[in-house]
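Asks: Here you go, work.cif (mmCIF, N, CA, C and O atoms):
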data_protein
loop_
_atom_site.label_atom_id
_atom_site.label_comp_id
_atom_site.auth_asym_id
_atom_site.auth_seq_id
_atom_site.Cartn_x
_atom_site.Cartn_y
_atom_site.Cartn_z
N MET A 1 55.57 124.20 130.33
CA MET A 1 56.05 123.44 129.18
C MET A 1 57.07 124.27 128.41
O MET A 1 58.12 123.76 128.02
N TYR A 2 56.73 125.54 128.18
CA TYR A 2 57.63 126.41 127.43
C TYR A 2 58.95 126.61 128.18
O TYR A 2 60.00 126.69 127.57
N ARG A 3 58.88 126.65 129.49
CA ARG A 3 60.07 126.82 130.32
C ARG A 3 61.02 125.63 130.16
O ARG A 3 62.23 125.79 130.12
N HIS A 4 60.46 124.43 130.06
CA HIS A 4 61.28 123.23 129.89
C HIS A 4 62.01 123.25 128.54
O HIS A 4 63.18 122.85 128.45
N ILE A 5 61.32 123.68 127.52
CA ILE A 5 61.94 123.75 126.20
C ILE A 5 63.08 124.76 126.19
O ILE A 5 64.15 124.51 125.64
N GLN A 6 62.83 125.93 126.84
CA GLN A 6 63.88 126.94 126.92
C GLN A 6 65.09 126.43 127.70
O GLN A 6 66.23 126.65 127.30
N ALA A 7 64.85 125.73 128.78
CA ALA A 7 65.95 125.18 129.58
C ALA A 7 66.75 124.16 128.76
O ALA A 7 67.98 124.14 128.80
N LEU A 8 66.06 123.33 128.02
CA LEU A 8 66.73 122.34 127.17
C LEU A 8 67.57 123.01 126.09
O LEU A 8 68.69 122.59 125.81
N GLN A 9 67.05 124.08 125.50
CA GLN A 9 67.81 124.81 124.49
C GLN A 9 69.07 125.43 125.08
O GLN A 9 70.13 125.38 124.48
N GLN A 10 68.95 126.00 126.28
CA GLN A 10 70.11 126.61 126.92
C GLN A 10 71.18 125.56 127.23
O GLN A 10 72.37 125.79 127.01
N VAL A 11 70.75 124.43 127.74
CA VAL A 11 71.71 123.37 128.08
C VAL A 11 72.41 122.86 126.82
O VAL A 11 73.62 122.68 126.80
N SER A 12 71.64 122.66 125.77
CA SER A 12 72.25 122.15 124.54
C SER A 12 73.20 123.18 123.94
O SER A 12 74.27 122.84 123.44
N ARG A 13 72.85 124.46 123.97
CA ARG A 13 73.75 125.50 123.46
C ARG A 13 75.03 125.56 124.28
O ARG A 13 76.11 125.68 123.75
N ARG A 14 74.89 125.47 125.57
CA ARG A 14 76.04 125.57 126.45
C ARG A 14 77.00 124.41 126.23
O ARG A 14 78.21 124.59 126.17
N THR A 15 76.48 123.20 126.10
CA THR A 15 77.37 122.05 125.92
C THR A 15 78.02 122.06 124.55
O THR A 15 79.16 121.63 124.40
N LEU A 16 77.32 122.55 123.53
CA LEU A 16 77.91 122.58 122.20
C LEU A 16 78.93 123.71 122.06
O LEU A 16 79.95 123.56 121.40
N SER A 17 78.66 124.86 122.68
CA SER A 17 79.55 126.00 122.48
C SER A 17 80.77 125.95 123.38
O SER A 17 81.79 126.53 123.06
N THR A 18 80.68 125.28 124.52
CA THR A 18 81.82 125.27 125.44
C THR A 18 82.61 123.98 125.38
O THR A 18 83.48 123.77 126.20
N SER A 19 82.27 123.12 124.43
CA SER A 19 83.02 121.87 124.35
C SER A 19 84.45 122.18 123.91
O SER A 19 84.69 122.99 123.02
N GLY A 20 85.39 121.54 124.57
CA GLY A 20 86.79 121.81 124.28
C GLY A 20 87.19 121.25 122.93
O GLY A 20 86.81 120.14 122.57
N ARG A 21 87.97 121.99 122.20
CA ARG A 21 88.44 121.51 120.90
C ARG A 21 89.87 121.05 121.04
O ARG A 21 90.70 121.72 121.63
N ARG A 22 90.12 119.88 120.52
CA ARG A 22 91.49 119.35 120.56
C ARG A 22 92.33 120.05 119.51
O ARG A 22 91.91 120.20 118.37
N GLN A 23 93.50 120.44 119.89
CA GLN A 23 94.42 121.04 118.93
C GLN A 23 95.18 119.90 118.25
O GLN A 23 95.85 119.12 118.90
N VAL A 24 95.05 119.83 116.94
CA VAL A 24 95.70 118.78 116.17
C VAL A 24 96.85 119.40 115.40
O VAL A 24 96.70 120.45 114.78
N GLU A 25 97.99 118.76 115.47
CA GLU A 25 99.16 119.26 114.76
C GLU A 25 98.97 119.12 113.26
O GLU A 25 98.51 118.08 112.76
N ASN A 26 99.30 120.16 112.53
CA ASN A 26 99.18 120.13 111.08
C ASN A 26 100.37 119.38 110.50
O ASN A 26 101.51 119.84 110.53
N LYS A 27 100.12 118.20 109.94
CA LYS A 27 101.19 117.35 109.41
C LYS A 27 101.34 117.48 107.90
O LYS A 27 102.20 116.85 107.31
N VAL A 28 100.50 118.30 107.27
CA VAL A 28 100.51 118.41 105.81
C VAL A 28 101.85 118.92 105.27
O VAL A 28 102.40 118.34 104.34
N PRO A 29 102.43 120.00 105.83
CA PRO A 29 103.72 120.46 105.27
C PRO A 29 104.82 119.39 105.36
O PRO A 29 105.61 119.24 104.42
N HIS A 30 104.85 118.64 106.46
CA HIS A 30 105.85 117.59 106.60
C HIS A 30 105.64 116.49 105.56
O HIS A 30 106.59 116.00 104.93
N LYS A 31 104.38 116.10 105.36
CA LYS A 31 104.07 115.06 104.36
C LYS A 31 104.40 115.55 102.95
O LYS A 31 104.92 114.79 102.13
N GLN A 32 104.08 116.83 102.66
CA GLN A 32 104.39 117.37 101.33
C GLN A 32 105.89 117.33 101.08
O GLN A 32 106.33 116.95 99.99
N LYS A 33 106.66 117.74 102.06
CA LYS A 33 108.11 117.74 101.92
C LYS A 33 108.62 116.32 101.69
O LYS A 33 109.48 116.08 100.83
N HIS A 34 108.08 115.36 102.45
CA HIS A 34 108.50 113.97 102.33
C HIS A 34 108.19 113.40 100.95
O HIS A 34 109.01 112.70 100.34
N PHE A 35 106.98 113.68 100.43
CA PHE A 35 106.57 113.08 99.17
C PHE A 35 107.14 113.81 97.96
O PHE A 35 107.16 113.27 96.86
N GLN A 36 107.61 115.05 98.13
CA GLN A 36 108.15 115.80 97.00
C GLN A 36 109.66 115.69 96.85
O GLN A 36 110.21 116.17 95.87
N GLU A 37 110.37 115.06 97.81
CA GLU A 37 111.81 114.92 97.64
C GLU A 37 112.11 114.01 96.46
O GLU A 37 111.41 113.04 96.20
N ASP A 38 113.19 114.35 95.78
CA ASP A 38 113.60 113.57 94.62
C ASP A 38 114.65 112.56 95.06
O ASP A 38 115.84 112.84 95.06
N ASN A 39 114.20 111.37 95.46
CA ASN A 39 115.14 110.34 95.93
C ASN A 39 115.04 109.06 95.11
O ASN A 39 115.54 108.03 95.51
N GLY A 40 114.38 109.10 93.97
CA GLY A 40 114.33 107.95 93.07
C GLY A 40 113.26 106.93 93.40
O GLY A 40 113.10 105.95 92.68
N ILE A 41 112.52 107.12 94.48
CA ILE A 41 111.46 106.19 94.85
C ILE A 41 110.15 106.67 94.24
O ILE A 41 109.83 107.85 94.33
N PRO A 42 109.39 105.80 93.59
CA PRO A 42 108.09 106.21 93.04
C PRO A 42 107.16 106.71 94.14
O PRO A 42 107.24 106.26 95.28
N VAL A 43 106.29 107.63 93.80
CA VAL A 43 105.45 108.26 94.80
C VAL A 43 104.50 107.26 95.47
O VAL A 43 104.14 107.41 96.63
N HIS A 44 104.11 106.21 94.75
CA HIS A 44 103.20 105.24 95.34
C HIS A 44 103.89 104.30 96.33
O HIS A 44 103.24 103.49 96.97
N LEU A 45 105.22 104.41 96.47
CA LEU A 45 105.95 103.59 97.43
C LEU A 45 106.63 104.42 98.52
O LEU A 45 107.31 103.87 99.38
N LYS A 46 106.46 105.73 98.51
CA LYS A 46 107.13 106.59 99.48
C LYS A 46 106.53 106.52 100.87
O LYS A 46 107.10 107.02 101.81
N GLY A 47 105.38 105.89 101.02
CA GLY A 47 104.73 105.79 102.32
C GLY A 47 105.38 104.79 103.25
O GLY A 47 105.06 104.73 104.42
N GLY A 48 106.26 103.95 102.72
CA GLY A 48 106.96 103.00 103.57
C GLY A 48 106.58 101.56 103.29
O GLY A 48 106.14 101.20 102.19
N VAL A 49 106.72 100.73 104.33
CA VAL A 49 106.50 99.29 104.20
C VAL A 49 105.04 98.98 103.86
O VAL A 49 104.76 98.11 103.04
N SER A 50 104.13 99.70 104.47
CA SER A 50 102.71 99.41 104.22
C SER A 50 102.35 99.67 102.76
O SER A 50 101.57 98.91 102.16
N ASP A 51 102.92 100.71 102.16
CA ASP A 51 102.66 100.96 100.74
C ASP A 51 103.23 99.85 99.87
O ASP A 51 102.61 99.43 98.90
N ALA A 52 104.41 99.36 100.23
CA ALA A 52 105.02 98.29 99.44
C ALA A 52 104.19 97.01 99.53
O ALA A 52 103.98 96.32 98.52
N ILE A 53 103.69 96.71 100.73
CA ILE A 53 102.85 95.51 100.90
C ILE A 53 101.56 95.64 100.11
O ILE A 53 101.14 94.70 99.41
N LEU A 54 100.91 96.79 100.19
CA LEU A 54 99.67 97.00 99.45
C LEU A 54 99.90 96.93 97.94
O LEU A 54 99.10 96.36 97.20
N TYR A 55 101.02 97.49 97.49
CA TYR A 55 101.35 97.45 96.06
C TYR A 55 101.55 96.02 95.59
O TYR A 55 101.00 95.60 94.56
N ARG A 56 102.33 95.24 96.34
CA ARG A 56 102.59 93.85 95.93
C ARG A 56 101.32 93.00 95.99
O ARG A 56 101.10 92.14 95.13
N ALA A 57 100.49 93.23 96.99
CA ALA A 57 99.23 92.48 97.09
C ALA A 57 98.32 92.82 95.92
O ALA A 57 97.69 91.93 95.34
N THR A 58 98.27 94.08 95.55
CA THR A 58 97.44 94.49 94.41
C THR A 58 97.94 93.87 93.12
O THR A 58 97.15 93.37 92.31
N MET A 59 99.25 93.87 92.93
CA MET A 59 99.82 93.28 91.71
C MET A 59 99.56 91.77 91.67
O MET A 59 99.20 91.22 90.62
N ALA A 60 99.71 91.10 92.82
CA ALA A 60 99.47 89.65 92.87
C ALA A 60 98.00 89.33 92.56
O ALA A 60 97.71 88.42 91.76
N LEU A 61 97.08 90.08 93.15
CA LEU A 61 95.66 89.84 92.88
C LEU A 61 95.31 90.14 91.42
O LEU A 61 94.49 89.43 90.82
N THR A 62 95.94 91.14 90.84
CA THR A 62 95.68 91.47 89.44
C THR A 62 96.16 90.35 88.52
O THR A 62 95.44 89.93 87.60
N ILE A 63 97.34 89.83 88.79
CA ILE A 63 97.88 88.74 87.95
C ILE A 63 97.06 87.47 88.12
O ILE A 63 96.71 86.81 87.13
N LEU A 64 96.73 87.13 89.35
CA LEU A 64 95.91 85.93 89.58
C LEU A 64 94.53 86.07 88.96
O LEU A 64 94.00 85.12 88.37
N GLY A 65 93.93 87.24 89.08
CA GLY A 65 92.61 87.48 88.49
C GLY A 65 92.65 87.38 86.98
O GLY A 65 91.75 86.79 86.36
N SER A 66 93.68 87.94 86.38
CA SER A 66 93.81 87.87 84.91
C SER A 66 94.00 86.43 84.45
O SER A 66 93.42 86.00 83.46
N ALA A 67 94.83 85.68 85.16
CA ALA A 67 95.04 84.28 84.81
C ALA A 67 93.75 83.48 84.94
O ALA A 67 93.44 82.63 84.08
N TYR A 68 92.97 83.74 85.96
CA TYR A 68 91.70 83.03 86.15
C TYR A 68 90.71 83.36 85.03
O TYR A 68 89.99 82.49 84.53
N VAL A 69 90.69 84.63 84.61
CA VAL A 69 89.80 85.02 83.52
C VAL A 69 90.19 84.30 82.23
O VAL A 69 89.33 83.78 81.50
N VAL A 70 91.48 84.24 81.93
CA VAL A 70 91.94 83.54 80.73
C VAL A 70 91.59 82.05 80.82
O VAL A 70 91.12 81.44 79.85
N TYR A 71 91.78 81.45 82.00
CA TYR A 71 91.42 80.04 82.19
C TYR A 71 89.93 79.80 81.93
O TYR A 71 89.55 78.86 81.23
N GLU A 72 89.09 80.65 82.48
CA GLU A 72 87.64 80.49 82.28
C GLU A 72 87.25 80.70 80.82
O GLU A 72 86.36 80.02 80.31
N LEU A 73 87.91 81.62 80.14
CA LEU A 73 87.61 81.83 78.71
C LEU A 73 88.01 80.60 77.89
O LEU A 73 87.29 80.19 76.97
N VAL A 74 89.14 80.00 78.20
CA VAL A 74 89.57 78.79 77.50
C VAL A 74 88.59 77.65 77.78
O VAL A 74 88.21 76.90 76.87
N CYS A 75 88.16 77.52 79.03
CA CYS A 75 87.18 76.47 79.36
C CYS A 75 85.86 76.68 78.63
O CYS A 75 85.21 75.73 78.20
N ALA A 76 85.46 77.94 78.48
CA ALA A 76 84.20 78.23 77.79
C ALA A 76 84.35 78.03 76.28
O ALA A 76 83.39 77.64 75.59
N ALA A 77 85.53 78.26 75.74
CA ALA A 77 85.74 78.12 74.30
C ALA A 77 85.83 76.66 73.87
O ALA A 77 85.44 76.31 72.75
N PHE A 78 86.33 75.81 74.75
CA PHE A 78 86.46 74.39 74.44
C PHE A 78 85.66 73.56 75.45
O PHE A 78 86.22 73.03 76.41
N PRO A 79 84.36 73.45 75.23
CA PRO A 79 83.54 72.69 76.19
C PRO A 79 83.90 71.21 76.17
O PRO A 79 84.37 70.67 75.17
N LYS A 80 83.64 70.54 77.28
CA LYS A 80 83.93 69.10 77.38
C LYS A 80 82.90 68.32 76.58
O LYS A 80 81.72 68.66 76.55
N LYS A 81 83.37 67.25 75.93
CA LYS A 81 82.47 66.41 75.13
C LYS A 81 81.71 65.47 76.01
O LYS A 81 82.26 64.89 76.96
N LYS A 82 80.45 65.29 75.70
CA LYS A 82 79.63 64.32 76.44
C LYS A 82 79.72 62.99 75.69
O LYS A 82 79.46 62.88 74.52
N GLU A 83 80.08 61.94 76.40
CA GLU A 83 80.22 60.62 75.76
C GLU A 83 79.15 59.67 76.20
O GLU A 83 78.61 59.60 77.20
#
Before anything else, please render the file you have as structure tokens.
Replies:
Amino acid sequence: MYRHIQALQQVSRRTLSTSGRRQVENKVPHKQKHFQEDNGIPVHLKGGVSDAILYRATMALTILGSAYVVYELVCAAFPKKKE
């Protein structure tokens, strides 16, 4: 029984320690350079088209949500008369 446990420990150590590590390119300096250039674009839009789409969607949802809240408050302030 003890031999099986030792064999399992050796196999697990071997697979964990010899697993190949992928080399990932460090993109941080390139991104820092891109976001720190002074080109007149706000930092929240420097990511490209996807940032612009997310920004516009957020603004649209904020405006629609605010309008809906005002509508509901007006409906609550002036209840309908029962006849």
Asks: Extract the full set of helix (DSSP H, G or I) residues from segment 2-57 of chain A according to DSSP on the backbone, and format it as a PyMOL selection string.
Replies: chain A and resi 2-17+28-36+43-45+49-57
Asks: Write out the residues from the selection above, keeping N, CA, C and O atoms, as a short mmCIF file (atom, residue, chain, number, x, y, z; two decimals), in the coordinates of the input.
Replies:
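What follows is the written file part_26.cif:
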data_model
loop_
_atom_site.label_atom_id
_atom_site.label_comp_id
_atom_site.auth_asym_id
_atom_site.auth_seq_id
_atom_site.Cartn_x
_atom_site.Cartn_y
_atom_site.Cartn_z
N TYR A 2 56.73 125.54 128.18
CA TYR A 2 57.63 126.41 127.43
C TYR A 2 58.95 126.61 128.18
O TYR A 2 60.00 126.69 127.57
N ARG A 3 58.88 126.65 129.49
CA ARG A 3 60.07 126.82 130.32
C ARG A 3 61.02 125.63 130.16
O ARG A 3 62.23 125.79 130.12
N HIS A 4 60.46 124.43 130.06
CA HIS A 4 61.28 123.23 129.89
C HIS A 4 62.01 123.25 128.54
O HIS A 4 63.18 122.85 128.45
N ILE A 5 61.32 123.68 127.52
CA ILE A 5 61.94 123.75 126.20
C ILE A 5 63.08 124.76 126.19
O ILE A 5 64.15 124.51 125.64
N GLN A 6 62.83 125.93 126.84
CA GLN A 6 63.88 126.94 126.92
C GLN A 6 65.09 126.43 127.70
O GLN A 6 66.23 126.65 127.30
N ALA A 7 64.85 125.73 128.78
CA ALA A 7 65.95 125.18 129.58
C ALA A 7 66.75 124.16 128.76
O ALA A 7 67.98 124.14 128.80
N LEU A 8 66.06 123.33 128.02
CA LEU A 8 66.73 122.34 127.17
C LEU A 8 67.57 123.01 126.09
O LEU A 8 68.69 122.59 125.81
N GLN A 9 67.05 124.08 125.50
CA GLN A 9 67.81 124.81 124.49
C GLN A 9 69.07 125.43 125.08
O GLN A 9 70.13 125.38 124.48
N GLN A 10 68.95 126.00 126.28
CA GLN A 10 70.11 126.61 126.92
C GLN A 10 71.18 125.56 127.23
O GLN A 10 72.37 125.79 127.01
N VAL A 11 70.75 124.43 127.74
CA VAL A 11 71.71 123.37 128.08
C VAL A 11 72.41 122.86 126.82
O VAL A 11 73.62 122.68 126.80
N SER A 12 71.64 122.66 125.77
CA SER A 12 72.25 122.15 124.54
C SER A 12 73.20 123.18 123.94
O SER A 12 74.27 122.84 123.44
N ARG A 13 72.85 124.46 123.97
CA ARG A 13 73.75 125.50 123.46
C ARG A 13 75.03 125.56 124.28
O ARG A 13 76.11 125.68 123.75
N ARG A 14 74.89 125.47 125.57
CA ARG A 14 76.04 125.57 126.45
C ARG A 14 77.00 124.41 126.23
O ARG A 14 78.21 124.59 126.17
N THR A 15 76.48 123.20 126.10
CA THR A 15 77.37 122.05 125.92
C THR A 15 78.02 122.06 124.55
O THR A 15 79.16 121.63 124.40
N LEU A 16 77.32 122.55 123.53
CA LEU A 16 77.91 122.58 122.20
C LEU A 16 78.93 123.71 122.06
O LEU A 16 79.95 123.56 121.40
N SER A 17 78.66 124.86 122.68
CA SER A 17 79.55 126.00 122.48
C SER A 17 80.77 125.95 123.38
O SER A 17 81.79 126.53 123.06
N VAL A 28 100.50 118.30 107.27
CA VAL A 28 100.51 118.41 105.81
C VAL A 28 101.85 118.92 105.27
O VAL A 28 102.40 118.34 104.34
N PRO A 29 102.43 120.00 105.83
CA PRO A 29 103.72 120.46 105.27
C PRO A 29 104.82 119.39 105.36
O PRO A 29 105.61 119.24 104.42
N HIS A 30 104.85 118.64 106.46
CA HIS A 30 105.85 117.59 106.60
C HIS A 30 105.64 116.49 105.56
O HIS A 30 106.59 116.00 104.93
N LYS A 31 104.38 116.10 105.36
CA LYS A 31 104.07 115.06 104.36
C LYS A 31 104.40 115.55 102.95
O LYS A 31 104.92 114.79 102.13
N GLN A 32 104.08 116.83 102.66
CA GLN A 32 104.39 117.37 101.33
C GLN A 32 105.89 117.33 101.08
O GLN A 32 106.33 116.95 99.99
N LYS A 33 106.66 117.74 102.06
CA LYS A 33 108.11 117.74 101.92
C LYS A 33 108.62 116.32 101.69
O LYS A 33 109.48 116.08 100.83
N HIS A 34 108.08 115.36 102.45
CA HIS A 34 108.50 113.97 102.33
C HIS A 34 108.19 113.40 100.95
O HIS A 34 109.01 112.70 100.34
N PHE A 35 106.98 113.68 100.43
CA PHE A 35 106.57 113.08 99.17
C PHE A 35 107.14 113.81 97.96
O PHE A 35 107.16 113.27 96.86
N GLN A 36 107.61 115.05 98.13
CA GLN A 36 108.15 115.80 97.00
C GLN A 36 109.66 115.69 96.85
O GLN A 36 110.21 116.17 95.87
N VAL A 43 106.29 107.63 93.80
CA VAL A 43 105.45 108.26 94.80
C VAL A 43 104.50 107.26 95.47
O VAL A 43 104.14 107.41 96.63
N HIS A 44 104.11 106.21 94.75
CA HIS A 44 103.20 105.24 95.34
C HIS A 44 103.89 104.30 96.33
O HIS A 44 103.24 103.49 96.97
N LEU A 45 105.22 104.41 96.47
CA LEU A 45 105.95 103.59 97.43
C LEU A 45 106.63 104.42 98.52
O LEU A 45 107.31 103.87 99.38
N VAL A 49 106.72 100.73 104.33
CA VAL A 49 106.50 99.29 104.20
C VAL A 49 105.04 98.98 103.86
O VAL A 49 104.76 98.11 103.04
N SER A 50 104.13 99.70 104.47
CA SER A 50 102.71 99.41 104.22
C SER A 50 102.35 99.67 102.76
O SER A 50 101.57 98.91 102.16
N ASP A 51 102.92 100.71 102.16
CA ASP A 51 102.66 100.96 100.74
C ASP A 51 103.23 99.85 99.87
O ASP A 51 102.61 99.43 98.90
N ALA A 52 104.41 99.36 100.23
CA ALA A 52 105.02 98.29 99.44
C ALA A 52 104.19 97.01 99.53
O ALA A 52 103.98 96.32 98.52
N ILE A 53 103.69 96.71 100.73
CA ILE A 53 102.85 95.51 100.90
C ILE A 53 101.56 95.64 100.11
O ILE A 53 101.14 94.70 99.41
N LEU A 54 100.91 96.79 100.19
CA LEU A 54 99.67 97.00 99.45
C LEU A 54 99.90 96.93 97.94
O LEU A 54 99.10 96.36 97.20
N TYR A 55 101.02 97.49 97.49
CA TYR A 55 101.35 97.45 96.06
C TYR A 55 101.55 96.02 95.59
O TYR A 55 101.00 95.60 94.56
N ARG A 56 102.33 95.24 96.34
CA ARG A 56 102.59 93.85 95.93
C ARG A 56 101.32 93.00 95.99
O ARG A 56 101.10 92.14 95.13
N ALA A 57 100.49 93.23 96.99
CA ALA A 57 99.23 92.48 97.09
C ALA A 57 98.32 92.82 95.92
O ALA A 57 97.69 91.93 95.34
#
Asks: Record the distance separating atom O of Pro42 of chain A and atom C of Ala60 of chain A, expressed in Å with one decimal.
Replies: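 Separation of atom O of Pro42 of chain A and atom C of Ala60 of chain A: 19.5 Å.
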Asks: Could you work out an axis-aligned box for segment 51-67 of chain A, taking every atom the file lists and adding 8 Å on each side, and report centre and edge lengths in Å to one decimal, as AutoDock Vina command-line options?
Replies:
--center_x 98.4 --center_y 91.8 --center_z 92.8 --size_x 29.3 --size_y 34.3 --size_z 34.7
Asks: Find the distance between atom CA of Gln23 of chain A and atom CA of Gly48 of chain A and write it in Å to one decimal.
Replies: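 Between atom CA of Gln23 of chain A and atom CA of Gly48 of chain A the gap is 26.8 Å.
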Asks: All heavy atoms are needed for segment 58-67 of chain A; please write them out as a CSV table (one decimal), keeping the file's coordinate frame.
Replies:
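Result file rebuild-v9.csv:
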chain,number,residue,atom,x,y,z
A,58,THR,N,98.3,94.1,95.6
A,58,THR,CA,97.4,94.5,94.4
A,58,THR,C,97.9,93.9,93.1
A,58,THR,O,97.2,93.4,92.3
A,58,THR,CB,97.4,96.0,94.3
A,58,THR,OG1,97.0,96.6,95.5
A,58,THR,CG2,96.6,96.5,93.2
A,59,MET,N,99.2,93.9,92.9
A,59,MET,CA,99.8,93.3,91.7
A,59,MET,C,99.6,91.8,91.7
A,59,MET,O,99.2,91.2,90.6
A,59,MET,CB,101.3,93.5,91.6
A,59,MET,CG,101.7,95.0,91.3
A,59,MET,SD,101.0,95.5,89.7
A,59,MET,CE,99.8,96.7,90.2
A,60,ALA,N,99.7,91.1,92.8
A,60,ALA,CA,99.5,89.6,92.9
A,60,ALA,C,98.0,89.3,92.6
A,60,ALA,O,97.7,88.4,91.8
A,60,ALA,CB,99.9,89.1,94.2
A,61,LEU,N,97.1,90.1,93.2
A,61,LEU,CA,95.7,89.8,92.9
A,61,LEU,C,95.3,90.1,91.4
A,61,LEU,O,94.5,89.4,90.8
A,61,LEU,CB,94.8,90.7,93.8
A,61,LEU,CG,94.7,90.2,95.2
A,61,LEU,CD1,94.0,91.3,96.1
A,61,LEU,CD2,94.0,88.9,95.4
A,62,THR,N,95.9,91.1,90.8
A,62,THR,CA,95.7,91.5,89.4
A,62,THR,C,96.2,90.4,88.5
A,62,THR,O,95.4,89.9,87.6
A,62,THR,CB,96.4,92.8,89.1
A,62,THR,OG1,95.9,93.8,89.9
A,62,THR,CG2,96.1,93.2,87.6
A,63,ILE,N,97.3,89.8,88.8
A,63,ILE,CA,97.9,88.7,88.0
A,63,ILE,C,97.1,87.5,88.1
A,63,ILE,O,96.7,86.8,87.1
A,63,ILE,CB,99.4,88.5,88.3
A,63,ILE,CG1,100.2,89.7,87.8
A,63,ILE,CG2,99.9,87.2,87.7
A,63,ILE,CD1,101.6,89.7,88.3
A,64,LEU,N,96.7,87.1,89.4
A,64,LEU,CA,95.9,85.9,89.6
A,64,LEU,C,94.5,86.1,89.0
A,64,LEU,O,94.0,85.1,88.4
A,64,LEU,CB,95.8,85.7,91.1
A,64,LEU,CG,97.1,85.2,91.8
A,64,LEU,CD1,96.9,85.1,93.3
A,64,LEU,CD2,97.5,83.8,91.2
A,65,GLY,N,93.9,87.2,89.1
A,65,GLY,CA,92.6,87.5,88.5
A,65,GLY,C,92.6,87.4,87.0
A,65,GLY,O,91.8,86.8,86.4
A,66,SER,N,93.7,87.9,86.4
A,66,SER,CA,93.8,87.9,84.9
A,66,SER,C,94.0,86.4,84.4
A,66,SER,O,93.4,86.0,83.5
A,66,SER,CB,95.0,88.7,84.4
A,66,SER,OG,94.8,90.1,84.8
A,67,ALA,N,94.8,85.7,85.2
A,67,ALA,CA,95.0,84.3,84.8
A,67,ALA,C,93.8,83.5,84.9
A,67,ALA,O,93.4,82.6,84.1
A,67,ALA,CB,96.1,83.7,85.7
